[in-house]
$ cat start.cif   # mmCIF, C-alpha atoms
data_coords
loop_
_atom_site.label_atom_id
_atom_site.label_comp_id
_atom_site.auth_asym_id
_atom_site.auth_seq_id
_atom_site.Cartn_x
_atom_site.Cartn_y
_atom_site.Cartn_z
CA LEU A 26 84.48 99.27 124.24
CA LEU A 27 88.10 98.19 124.34
CA GLU A 28 90.15 98.65 121.19
CA LEU A 29 93.01 96.27 120.37
CA LEU A 30 95.92 97.37 118.20
CA TYR A 31 98.35 95.28 116.16
CA GLY A 32 101.45 97.00 114.82
CA PHE A 33 102.71 100.57 114.60
CA GLY A 34 102.51 101.46 110.91
CA PRO A 35 99.55 103.87 111.05
CA VAL A 36 100.58 106.11 113.94
CA GLN A 37 97.87 108.57 112.89
CA LEU A 38 95.18 106.02 113.62
CA VAL A 39 96.62 105.34 117.07
CA GLN A 40 96.30 109.08 117.65
CA SER A 41 92.75 109.01 116.26
CA ILE A 42 91.80 106.30 118.78
CA HIS A 43 93.19 108.48 121.55
CA ASP A 44 91.41 111.59 120.25
CA VAL A 45 87.95 109.99 120.20
CA SER A 46 88.34 107.57 123.11
CA GLU A 47 86.24 109.59 125.54
CA GLN A 48 83.58 110.53 122.98
CA ALA A 49 83.34 107.04 121.45
CA GLY A 50 83.79 105.07 124.65
CA CYS A 51 86.79 103.08 123.50
CA LYS A 52 90.27 102.49 124.88
CA LEU A 53 93.51 101.10 123.51
CA VAL A 54 94.48 98.22 125.79
CA ALA A 55 97.12 96.11 124.02
CA ALA A 56 99.51 95.91 121.10
CA ALA A 57 101.48 93.12 119.48
CA VAL A 58 105.00 94.24 118.58
CA ARG A 59 107.23 91.70 116.91
CA ASN A 60 110.33 93.89 117.26
CA PRO A 61 109.91 96.15 120.31
CA ASP A 62 113.52 97.37 120.10
CA LYS A 63 112.78 98.88 116.69
CA TYR A 64 109.82 100.81 118.14
CA ALA A 65 111.30 101.55 121.56
CA ASP A 66 109.90 105.09 121.82
CA GLU A 67 106.37 104.02 120.81
CA VAL A 68 106.48 101.03 123.16
CA ALA A 69 107.57 103.26 126.02
CA ARG A 70 104.74 105.71 125.34
CA LEU A 71 102.13 102.98 125.16
CA THR A 72 103.43 101.14 128.21
CA GLY A 73 103.33 104.41 130.10
CA ALA A 74 99.67 104.78 129.11
CA GLY A 75 98.87 101.33 130.49
CA VAL A 76 98.85 99.49 127.14
CA GLU A 77 99.92 95.85 127.46
CA ILE A 78 102.61 94.81 124.97
CA PHE A 79 102.84 91.34 123.41
CA ARG A 80 105.48 89.95 121.06
CA ASP A 81 103.23 87.36 119.43
CA THR A 82 99.91 88.23 117.79
CA LEU A 83 98.17 84.90 118.29
CA GLU A 84 99.23 84.83 121.92
CA MET A 85 97.68 88.26 122.30
CA PHE A 86 94.43 87.09 120.68
CA ARG A 87 94.20 84.20 123.13
CA ALA A 88 95.24 86.19 126.21
CA LEU A 89 92.71 88.97 125.70
CA ARG A 90 89.64 86.84 125.09
CA GLY A 91 86.86 88.20 127.25
CA ARG A 92 88.86 91.34 128.09
CA CYS A 93 88.76 93.04 124.72
CA GLU A 94 85.95 93.38 122.19
CA ALA A 95 87.70 94.52 119.04
CA MET A 96 91.04 94.54 117.30
CA TYR A 97 92.73 96.60 114.62
CA ILE A 98 94.87 95.06 111.85
CA PRO A 99 97.15 97.60 110.09
CA THR A 100 99.53 95.03 108.62
CA GLY A 101 100.74 94.13 105.12
CA ILE A 102 98.11 93.18 102.54
CA HIS A 103 99.27 89.55 102.38
CA SER A 104 98.70 89.09 106.13
CA HIS A 105 95.12 90.37 106.24
CA MET A 106 93.39 87.06 105.59
CA PRO A 107 95.25 84.86 108.13
CA LEU A 108 95.03 87.49 110.86
CA THR A 109 91.34 88.15 110.17
CA LEU A 110 90.55 84.43 110.31
CA SER A 111 92.39 84.10 113.63
CA ALA A 112 90.77 87.22 115.09
CA ALA A 113 87.29 86.12 114.04
CA GLU A 114 87.86 82.66 115.50
CA CYS A 115 88.80 84.31 118.80
CA GLY A 116 85.57 86.31 118.73
CA TYR A 117 86.82 89.83 118.06
CA HIS A 118 85.15 92.54 116.01
CA ILE A 119 87.68 93.69 113.42
CA HIS A 120 88.90 97.03 112.09
CA LEU A 121 90.94 96.00 109.04
CA GLU A 122 93.32 98.26 107.14
CA LYS A 123 92.52 98.74 103.46
CA PRO A 124 92.49 96.99 101.08
CA ALA A 125 90.70 94.00 102.58
CA ALA A 126 93.03 91.48 100.90
CA GLY A 127 94.98 90.81 97.73
CA THR A 128 92.34 88.65 96.06
CA VAL A 129 88.60 88.30 96.04
CA GLN A 130 88.99 84.62 96.99
CA GLU A 131 90.68 85.70 100.22
CA VAL A 132 87.92 88.22 100.89
CA ASP A 133 85.34 85.45 100.46
CA ALA A 134 87.18 83.26 102.97
CA MET A 135 87.27 86.20 105.40
CA LEU A 136 83.56 86.87 104.90
CA GLU A 137 82.80 83.26 105.74
CA ALA A 138 84.87 83.40 108.94
CA VAL A 139 83.46 86.75 110.09
CA GLY A 140 79.93 85.60 109.32
CA LYS A 141 80.39 82.33 111.20
CA ALA A 142 81.68 84.24 114.22
CA ALA A 143 78.83 86.79 113.93
CA ARG A 144 81.34 89.63 114.23
CA LEU A 145 81.53 93.05 112.56
CA CYS A 146 84.37 93.91 110.21
CA LEU A 147 85.10 97.47 109.08
CA VAL A 148 87.60 98.03 106.27
CA GLY A 149 89.58 101.23 106.75
CA PHE A 150 88.47 103.36 103.82
CA GLN A 151 88.18 106.40 106.05
CA ALA A 152 87.14 108.76 103.23
CA VAL A 153 83.61 107.35 103.18
CA HIS A 154 83.23 108.55 106.78
CA GLY A 155 84.04 112.14 105.80
CA ASP A 156 81.29 114.74 105.60
CA ASP A 157 82.41 115.78 102.10
CA VAL A 158 82.12 112.29 100.63
CA ARG A 159 78.81 111.70 102.39
CA PHE A 160 77.53 115.03 101.05
CA VAL A 161 78.13 113.84 97.48
CA LYS A 162 76.66 110.40 98.23
CA GLU A 163 73.49 111.94 99.65
CA ARG A 164 72.97 114.08 96.54
CA ILE A 165 73.31 110.96 94.39
CA ALA A 166 71.15 108.67 96.55
CA SER A 167 68.41 111.30 96.91
CA GLY A 168 68.10 111.64 93.12
CA ARG A 169 69.06 115.31 93.20
CA LEU A 170 71.77 114.68 90.58
CA GLY A 171 69.78 112.20 88.53
CA ALA A 172 71.47 109.16 87.03
CA VAL A 173 75.27 109.12 87.32
CA ARG A 174 76.97 108.50 83.96
CA THR A 175 80.74 108.66 84.45
CA LEU A 176 83.22 109.15 87.27
CA ALA A 177 86.89 109.98 86.70
CA CYS A 178 89.72 110.27 89.21
CA ALA A 179 93.06 111.98 88.51
CA ALA A 180 95.84 111.69 91.09
CA GLY A 181 99.60 112.16 91.23
CA TRP A 182 101.33 111.20 94.46
CA PRO A 183 105.07 110.85 93.72
CA ARG A 184 106.96 108.35 95.87
CA PRO A 185 110.75 108.11 96.19
CA ALA A 186 112.85 104.96 95.90
CA SER A 187 112.84 104.59 99.71
CA TYR A 188 109.06 104.10 99.60
CA TYR A 189 109.62 100.75 97.95
CA SER A 190 112.22 99.56 100.47
CA ARG A 191 110.23 100.43 103.59
CA ASN A 192 108.95 96.86 104.07
CA SER A 193 109.04 93.40 102.52
CA TRP A 194 105.89 93.73 100.40
CA ALA A 195 106.04 97.26 98.96
CA GLY A 196 106.09 97.18 95.18
CA LYS A 197 105.49 93.43 95.11
CA LEU A 198 102.94 91.27 93.31
CA ARG A 199 103.45 88.31 95.65
CA ILE A 200 105.07 87.40 98.94
CA GLU A 201 105.83 83.68 98.81
CA ASP A 202 102.45 82.03 98.14
CA ARG A 203 100.31 85.13 98.85
CA TRP A 204 99.17 87.78 96.40
CA VAL A 205 99.88 91.39 97.37
CA LEU A 206 99.24 93.27 94.08
CA ASP A 207 100.69 96.43 95.59
CA GLY A 208 100.53 99.74 93.73
CA PRO A 209 98.73 103.10 93.91
CA ALA A 210 95.36 101.69 92.78
CA MET A 211 95.55 98.91 95.40
CA ASN A 212 97.14 100.86 98.23
CA ALA A 213 97.85 104.59 98.58
CA LEU A 214 95.11 105.66 96.14
CA ALA A 215 92.78 102.70 96.71
CA HIS A 216 90.51 105.09 98.61
CA GLN A 217 89.62 106.77 95.32
CA VAL A 218 88.71 103.52 93.56
CA ASN A 219 86.52 102.74 96.56
CA ASN A 220 85.04 106.26 96.57
CA MET A 221 84.04 105.98 92.90
CA LEU A 222 82.34 102.62 93.47
CA TYR A 223 80.54 104.22 96.44
CA PHE A 224 79.36 107.15 94.32
CA ALA A 225 78.44 104.88 91.39
CA SER A 226 75.72 103.15 93.42
CA PRO A 227 72.41 105.04 93.78
CA GLU A 228 71.61 103.14 96.98
CA PRO A 229 72.22 104.87 100.34
CA GLY A 230 75.38 103.28 101.75
CA GLY A 231 75.68 101.04 98.68
CA TYR A 232 78.70 100.21 96.51
CA ALA A 233 78.53 99.51 92.79
CA GLU A 234 79.48 96.09 91.46
CA PRO A 235 82.10 95.82 88.69
CA ALA A 236 80.76 94.18 85.54
CA ARG A 237 83.66 94.70 83.10
CA VAL A 238 87.14 96.10 83.60
CA ARG A 239 89.70 97.41 81.12
CA ALA A 240 93.12 98.37 82.43
CA GLU A 241 96.70 99.33 81.69
CA LEU A 242 99.26 98.87 84.49
CA TYR A 243 102.79 100.28 84.22
CA ALA A 244 106.02 100.48 86.21
CA VAL A 245 109.52 101.93 85.97
CA ASP A 246 112.89 100.83 87.39
CA GLY A 247 111.98 97.15 86.99
CA LEU A 248 109.38 97.39 89.77
CA GLU A 249 107.40 94.17 90.13
CA ALA A 250 104.01 95.79 90.86
CA HIS A 251 102.43 98.76 89.11
CA ASP A 252 103.30 102.34 90.01
CA THR A 253 101.02 103.89 87.35
CA ALA A 254 97.51 102.80 86.42
CA ALA A 255 94.73 103.58 83.99
CA ILE A 256 91.60 101.59 84.84
CA GLU A 257 88.06 101.63 83.46
CA ILE A 258 85.37 99.94 85.58
CA GLN A 259 81.98 99.46 83.96
CA THR A 260 79.52 98.80 86.77
CA VAL A 261 76.40 96.63 86.91
CA GLU A 262 74.51 99.73 88.05
CA GLY A 263 75.44 101.60 84.84
CA PRO A 264 78.07 104.27 85.60
CA ALA A 265 81.62 103.86 84.31
CA CYS A 266 84.51 104.69 86.66
CA TYR A 267 87.95 105.79 85.44
CA PHE A 268 91.03 105.76 87.64
CA LEU A 269 94.15 107.59 86.42
CA GLY A 270 96.84 107.63 89.08
CA SER A 271 100.57 107.32 89.57
CA HIS A 272 103.54 107.55 91.94
CA ARG A 273 105.75 108.75 89.05
CA THR A 274 104.38 112.22 88.26
CA ALA A 275 106.62 115.28 88.18
CA GLU A 276 104.25 117.25 90.40
CA SER A 277 102.22 116.12 93.38
CA PHE A 278 98.52 116.71 92.82
CA ASP A 279 95.95 115.43 95.28
CA PRO A 280 93.14 113.16 94.07
CA SER A 281 90.11 114.71 92.42
CA ILE A 282 86.96 112.97 91.23
CA THR A 283 84.71 114.42 88.55
CA ILE A 284 81.20 113.01 88.28
CA GLU A 285 79.04 113.62 85.24
CA ALA A 286 75.38 113.03 86.04
CA GLU A 287 72.01 113.56 84.37
CA LYS A 288 71.25 116.73 86.34
CA GLY A 289 74.65 118.10 87.19
CA ARG A 290 78.40 117.83 87.55
CA VAL A 291 80.37 117.12 90.72
CA SER A 292 83.97 118.20 91.31
CA TRP A 293 85.30 116.55 94.47
CA HIS A 294 88.84 117.39 95.59
CA TYR A 295 90.76 115.68 98.38
CA ASN A 296 91.86 118.90 100.06
CA ALA A 297 90.06 121.67 98.16
CA GLY A 298 86.43 120.77 98.82
CA THR A 299 83.49 119.90 96.60
CA THR A 300 81.45 121.88 94.10
CA ILE A 301 78.23 120.63 92.51
CA THR A 302 76.97 122.55 89.50
CA TYR A 303 73.41 121.62 88.59
CA ALA A 304 71.89 121.71 85.12
CA ASP A 305 69.45 124.41 86.29
CA GLY A 306 72.38 126.73 87.01
CA SER A 307 72.36 126.41 90.81
CA GLU A 308 75.46 125.44 92.74
CA GLU A 309 76.36 123.83 96.05
CA THR A 310 79.72 123.63 97.78
CA HIS A 311 81.12 121.67 100.71
CA PRO A 312 84.51 121.97 102.42
CA ALA A 313 86.97 119.08 102.45
CA ASP A 314 86.82 116.89 105.55
CA ARG A 315 90.10 115.27 106.52
CA GLY A 316 88.88 114.49 110.01
CA ASP A 317 87.56 111.27 108.53
CA LYS A 318 89.94 108.98 110.47
CA GLU A 319 88.51 110.11 113.80
CA LYS A 320 84.96 109.71 112.49
CA MET A 321 85.81 106.19 111.26
CA VAL A 322 87.06 105.12 114.69
CA ALA A 323 83.99 106.62 116.37
CA HIS A 324 81.62 104.96 113.89
CA PHE A 325 83.31 101.59 114.48
CA ALA A 326 82.76 101.94 118.22
CA GLU A 327 79.15 103.00 117.69
CA ALA A 328 78.49 100.07 115.35
CA ILE A 329 79.73 97.60 117.95
CA ARG A 330 77.87 99.25 120.83
CA ASP A 331 74.62 99.51 118.87
CA GLU A 332 75.09 96.19 117.00
CA ASP A 333 74.45 98.17 113.81
CA ALA A 334 76.59 97.23 110.79
CA SER A 335 75.20 100.13 108.76
CA LYS A 336 77.45 102.48 110.77
CA LEU A 337 80.63 100.81 109.52
CA GLY A 338 80.76 102.87 106.32
CA CYS A 339 82.59 100.14 104.43
CA GLU A 340 81.90 96.62 105.57
CA LEU A 341 84.06 93.69 104.48
CA ALA A 342 81.36 92.72 101.95
CA ASP A 343 81.37 96.27 100.53
CA SER A 344 85.13 96.25 100.08
CA ARG A 345 84.89 93.09 97.99
CA GLN A 346 83.86 95.27 95.03
CA MET A 347 87.12 97.23 95.08
CA VAL A 348 89.25 94.06 95.35
CA LEU A 349 87.25 92.47 92.53
CA ALA A 350 87.87 95.52 90.34
CA LEU A 351 91.63 95.45 90.97
CA ASN A 352 91.87 91.71 90.40
CA ALA A 353 90.09 92.22 87.10
CA ALA A 354 92.44 95.10 86.26
CA HIS A 355 95.40 92.76 86.54
CA GLU A 356 93.62 90.20 84.40
CA SER A 357 92.85 92.85 81.78
CA SER A 358 96.35 94.35 81.69
CA ALA A 359 97.79 90.80 81.60
CA ARG A 360 101.16 92.08 82.81
CA ILE A 361 102.88 95.13 84.26
CA TYR A 362 104.23 97.12 81.30
CA GLY A 363 107.75 98.43 81.86
CA ILE A 364 108.39 102.07 80.97
CA ALA A 365 111.78 102.42 79.29
CA ALA A 366 114.43 104.48 81.07
CA GLU A 367 114.65 106.84 78.08
CA HIS A 368 111.16 108.12 79.01
CA THR A 369 112.09 108.84 82.64
CA ARG A 370 114.35 111.13 84.63
CA ARG A 371 115.64 111.10 88.18
CA VAL A 372 115.02 113.89 90.68
CA ALA A 373 116.94 114.13 93.94
CA ALA A 374 114.87 113.50 97.05
CA GLY A 375 117.49 114.22 99.71
CA GLY A 376 120.45 112.12 100.78
CA ASP A 377 120.82 109.05 98.59
CA ASP A 378 117.09 108.97 97.81
CA HIS A 379 115.49 109.97 94.52
CA PHE A 380 112.24 110.12 92.57
CA THR A 381 111.85 108.52 89.15
CA VAL A 382 109.60 110.72 87.02
CA VAL A 383 107.91 109.68 83.77
CA GLN A 384 108.09 112.41 81.16
CA ASN A 385 104.76 114.10 80.33
CA LEU A 386 102.86 111.71 82.62
CA ASP A 387 101.10 114.54 84.49
CA GLU A 388 99.62 115.76 81.22
CA TYR A 389 98.54 112.27 80.15
CA ILE A 390 96.74 111.67 83.46
CA HIS A 391 94.77 114.91 83.18
CA ARG A 392 93.95 114.36 79.50
CA ALA A 393 92.74 110.80 80.15
CA ALA A 394 90.64 111.91 83.13
CA ASP A 395 89.08 114.72 81.09
CA ARG A 396 88.17 112.39 78.21
CA PRO A 397 87.60 110.08 80.26
CA GLY A 398 89.45 106.96 79.12
CA LEU A 399 92.69 105.01 79.31
CA PHE A 400 96.06 106.27 78.11
CA SER A 401 95.74 104.16 74.96
CA ASP A 402 92.46 105.92 74.15
CA LEU A 403 94.20 109.28 73.81
CA SER A 404 94.93 110.70 70.40
CA PRO A 405 98.51 111.90 69.82
CA ALA A 406 99.16 115.25 71.48
#

$ encode --input "start.cif" --output "structure tokens"
Amino acid sequence: LLELLYGFGPVQLVQSIHDVSEQAGCKLVAAAVRNPDKYADEVARLTGAGVEIFRDTLEMFRALRGRCEAMYIPTGIHSHMPLTLSAAECGYHIHLEKPAAGTVQEVDAMLEAVGKAARLCLVGFQAVHGDDVRFVKERIASGRLGAVRTLACAAGWPRPASYYSRNSWAGKLRIEDRWVLDGPAMNALAHQVNNMLYFASPEPGGYAEPARVRAELYAVDGLEAHDTAAIEIQTVEGPACYFLGSHRTAESFDPSITIEAEKGRVSWHYNAGTTITYADGSEETHPADRGDKEKMVAHFAEAIRDEDASKLGCELADSRQMVLALNAAHESSARIYGIAAEHTRRVAAGGDDHFTVVQNLDEYIHRAADRPGLFSDLSPA
């Protein structure tokens, strides 16, 4: 299997491809770099490893037909649909960075193109390839936990002002005529929305379908897109999912998901492992698995080699549920609610950079996740 790379944003994934290349039988053969001078060191390293460098993506697609089986798209959200359509038309299998696209309509157009080309498309929600996430999923799908009732995620990943100036689409709702809908629930913490929909389905490998969504989206400093979100997703399958996450917390606390089920309670933590406490008093634990990126790359290669889409972990069709939920969240919130400056404070982040912190937000996130509910559901402290 030959692996095709576009862009240099996710350097970790480039390393993951290298780390599993021998085991998975894949090789990085080419990259499209629009501004090679900007990435001179990376270009030199790749060229030294025999990777062919192109300046134009579509030229690369055409030039590598018949020489490369798959390509990787780690570009901005607004570019996912046009690049996926072009890649599918050229006959490549696709490893697409999350989220699949800004809107469910774009995902549907991508599904049509990928289906017509009879190609596989993995969406890069690497967490669902981790042993810890699959451990929880197996306990749900096997019936060991009984019916799942609620799932709640609490997460605080502060981001400085420079985070929003790193590219043209960060913190944006739109780029020209394309929806981006950037924000923690759509981007940095989108894995957790996807994880909850994965856990909310009792089917092995299945993802729950959103039926109704209630949401509150907030931002500070006049940011166009949300930087704080409270989202309730009622699924067709029955469980309700609650996402409480922000880039404006005072402290950084990694994502955790609490699952209340008929026969037990699950506490999954991004870096601290998983504990399941059953109603009969027994307990199971599982360590965190952050080697999920390498597993994702290996599973993609295996899926192509074996022509087995079930190994993708999160197919394009699966990821439609997460995009649908976030589109509905924007519809429910109706707008991004600005948080007045009087409720925030600035914290130095080194040099001219700074964090904007919302007062008491850490407490509100934990209280809402414990309830679970939205911020507006909380009684006064």

$ residues_near_point --input "start.cif" --point "(97.4, 99.0, 86.8)" --cutoff "10 Å" --atoms "all atoms listed in the file" --output "ChimeraX atom specification"
/A:206-211,239-244,250-256,268-271,351-362

$ closest_atom_pairs --input "start.cif" --of "region 193-259 of chain A" --to "region 381-398 of chain A" --cutoff "8 Å" --atoms "only C-alpha atoms" --output "JSON lines"
{"residue": "A:Val245", "atom": "CA", "partner": "A:Thr381", "partner_atom": "CA", "distance": 7.7}
{"residue": "A:Asp246", "atom": "CA", "partner": "A:Thr381", "partner_atom": "CA", "distance": 8.0}
{"residue": "A:Ala255", "atom": "CA", "partner": "A:Gly398", "partner_atom": "CA", "distance": 7.9}
{"residue": "A:Glu257", "atom": "CA", "partner": "A:Gly398", "partner_atom": "CA", "distance": 7.0}

$ write_last_selection --input "start.cif" --atoms "C-alpha atoms" --output "PDB file, in the coordinates of the input"
ATOM      1  CA  VAL A 245     109.520 101.930  85.970  1.00  0.00           C
ATOM      2  CA  ASP A 246     112.890 100.830  87.390  1.00  0.00           C
ATOM      3  CA  ALA A 255      94.730 103.580  83.990  1.00  0.00           C
ATOM      4  CA  GLU A 257      88.060 101.630  83.460  1.00  0.00           C
TER       5      GLU A 257
END

$ resolve_selection --input "start.cif" --expression "the PyMOL selection byres ((chain A and resi 83) around 12)" --output "tab-separated table (two decimals) with C-alpha atoms, in the coordinates of the input"
chain	number	residue	atom	x	y	z
A	31	TYR	CA	98.35	95.28	116.16
A	56	ALA	CA	99.51	95.91	121.10
A	57	ALA	CA	101.48	93.12	119.48
A	58	VAL	CA	105.00	94.24	118.58
A	59	ARG	CA	107.23	91.70	116.91
A	79	PHE	CA	102.84	91.34	123.41
A	80	ARG	CA	105.48	89.95	121.06
A	81	ASP	CA	103.23	87.36	119.43
A	82	THR	CA	99.91	88.23	117.79
A	84	GLU	CA	99.23	84.83	121.92
A	85	MET	CA	97.68	88.26	122.30
A	86	PHE	CA	94.43	87.09	120.68
A	87	ARG	CA	94.20	84.20	123.13
A	88	ALA	CA	95.24	86.19	126.21
A	89	LEU	CA	92.71	88.97	125.70
A	90	ARG	CA	89.64	86.84	125.09
A	107	PRO	CA	95.25	84.86	108.13
A	108	LEU	CA	95.03	87.49	110.86
A	109	THR	CA	91.34	88.15	110.17
A	110	LEU	CA	90.55	84.43	110.31
A	111	SER	CA	92.39	84.10	113.63
A	112	ALA	CA	90.77	87.22	115.09
A	113	ALA	CA	87.29	86.12	114.04
A	114	GLU	CA	87.86	82.66	115.50
A	115	CYS	CA	88.80	84.31	118.80

$ resolve_selection --input "start.cif" --expression "the PyMOL selection byres ((chain A and resi 277-290) around 8)" --output "PyMOL selection string"
chain A and resi 169-183+217+221+274-276+291-296+301-305

$ atom_distance --input "start.cif" --atom1 "CA of Cys339 (chain A)" --atom2 "CA of Glu47 (chain A)"
23.4 Å

$ residues_around --input "start.cif" --residues "Gly149 (chain A)" --least-positions-apart "3" --cutoff "7 Å" --atoms "all atoms listed in the file" --output "PyMOL selection string"
chain A and resi 120-123

$ write_last_selection --input "start.cif" --atoms "C-alpha atoms" --output "short mmCIF file (atom, residue, chain, number, x, y, z; two decimals), in the coordinates of the input"
data_model
loop_
_atom_site.label_atom_id
_atom_site.label_comp_id
_atom_site.auth_asym_id
_atom_site.auth_seq_id
_atom_site.Cartn_x
_atom_site.Cartn_y
_atom_site.Cartn_z
CA HIS A 120 88.90 97.03 112.09
CA LEU A 121 90.94 96.00 109.04
CA GLU A 122 93.32 98.26 107.14
CA LYS A 123 92.52 98.74 103.46
#

$ closest_residue --input "start.cif" --among "A:Gly140, A:Pro99, A:Gly247, A:Gly298" --to "Ala186 (chain A)" --atoms "all atoms listed in the file"
A:Gly247

$ resolve_selection --input "start.cif" --expression "the PyMOL selection byres ((chain A and resi 230) around 12)" --output "ChimeraX atom specification"
/A:153-154,158-163,165-167,220,222-229,231-233,334-340,343

$ axis_aligned_box --input "start.cif" --around "region 55-70 of chain A" --padding-each-side "5 Å" --output "lines of an AutoDock Vina configuration file"
center_x = 105.3
center_y = 98.7
center_z = 121.4
size_x = 26.4
size_y = 24.0
size_z = 19.3

$ closest_residue --input "start.cif" --among "A:Glu77, A:Asp66, A:Glu137, A:Asp44" --to "Gly316 (chain A)" --atoms "only C-alpha atoms"
A:Asp44

$ atom_distance --input "start.cif" --atom1 "CA of Glu332 (chain A)" --atom2 "CA of Ala55 (chain A)"
23.1 Å

$ atom_distance --input "start.cif" --atom1 "CA of Leu403 (chain A)" --atom2 "CA of Gly196 (chain A)"
27.3 Å

$ closest_residue --input "start.cif" --among "A:Leu248, A:Ala366, A:Ala323, A:Ala126" --to "Lys52 (chain A)" --atoms "only C-alpha atoms"
A:Ala323

$ closest_residue --input "start.cif" --among "A:Met321, A:Thr369, A:Gly73, A:Pro405" --to "Leu147 (chain A)" --atoms "only C-alpha atoms"
A:Met321

$ residues_near_point --input "start.cif" --point "(86.3, 93.9, 112.1)" --cutoff "8 Å" --atoms "all atoms listed in the file" --output "PyMOL selection string"
chain A and resi 95-97+109+117-121+139+144-148+341

$ closest_residue --input "start.cif" --among "A:Ala265, A:Ile329, A:Ile200, A:Ala297" --to "Pro235 (chain A)" --atoms "all atoms listed in the file"
A:Ala265

$ decode --input "start.cif" --residues "region 101-124 of chain A" --atoms "C-alpha atoms" --output "PDB file, in the first residue's frame"
ATOM      1  CA  GLY A 101      -9.034  23.036   6.662  1.00  0.00           C
ATOM      2  CA  ILE A 102     -12.644  21.963   7.203  1.00  0.00           C
ATOM      3  CA  HIS A 103     -13.931  24.062   4.292  1.00  0.00           C
ATOM      4  CA  SER A 104     -11.616  22.265   1.832  1.00  0.00           C
ATOM      5  CA  HIS A 105     -12.619  18.711   2.734  1.00  0.00           C
ATOM      6  CA  MET A 106     -15.477  18.359   0.269  1.00  0.00           C
ATOM      7  CA  PRO A 107     -13.748  19.650  -2.904  1.00  0.00           C
ATOM      8  CA  LEU A 108     -10.571  17.689  -2.209  1.00  0.00           C
ATOM      9  CA  THR A 109     -12.508  14.510  -1.390  1.00  0.00           C
ATOM     10  CA  LEU A 110     -14.536  14.803  -4.601  1.00  0.00           C
ATOM     11  CA  SER A 111     -11.342  15.258  -6.637  1.00  0.00           C
ATOM     12  CA  ALA A 112      -9.548  12.403  -4.881  1.00  0.00           C
ATOM     13  CA  ALA A 113     -12.489  10.034  -5.335  1.00  0.00           C
ATOM     14  CA  GLU A 114     -12.762  10.953  -9.010  1.00  0.00           C
ATOM     15  CA  CYS A 115      -9.081  10.065  -9.407  1.00  0.00           C
ATOM     16  CA  GLY A 116      -9.708   6.684  -7.791  1.00  0.00           C
ATOM     17  CA  TYR A 117      -7.962   7.052  -4.441  1.00  0.00           C
ATOM     18  CA  HIS A 118      -8.999   5.604  -1.109  1.00  0.00           C
ATOM     19  CA  ILE A 119      -9.194   8.495   1.352  1.00  0.00           C
ATOM     20  CA  HIS A 120      -8.043   9.139   4.906  1.00  0.00           C
ATOM     21  CA  LEU A 121      -9.841  12.378   5.784  1.00  0.00           C
ATOM     22  CA  GLU A 122      -9.074  14.568   8.780  1.00  0.00           C
ATOM     23  CA  LYS A 123     -11.970  15.123  11.177  1.00  0.00           C
ATOM     24  CA  PRO A 124     -14.584  16.493  11.012  1.00  0.00           C
TER      25      PRO A 124
END
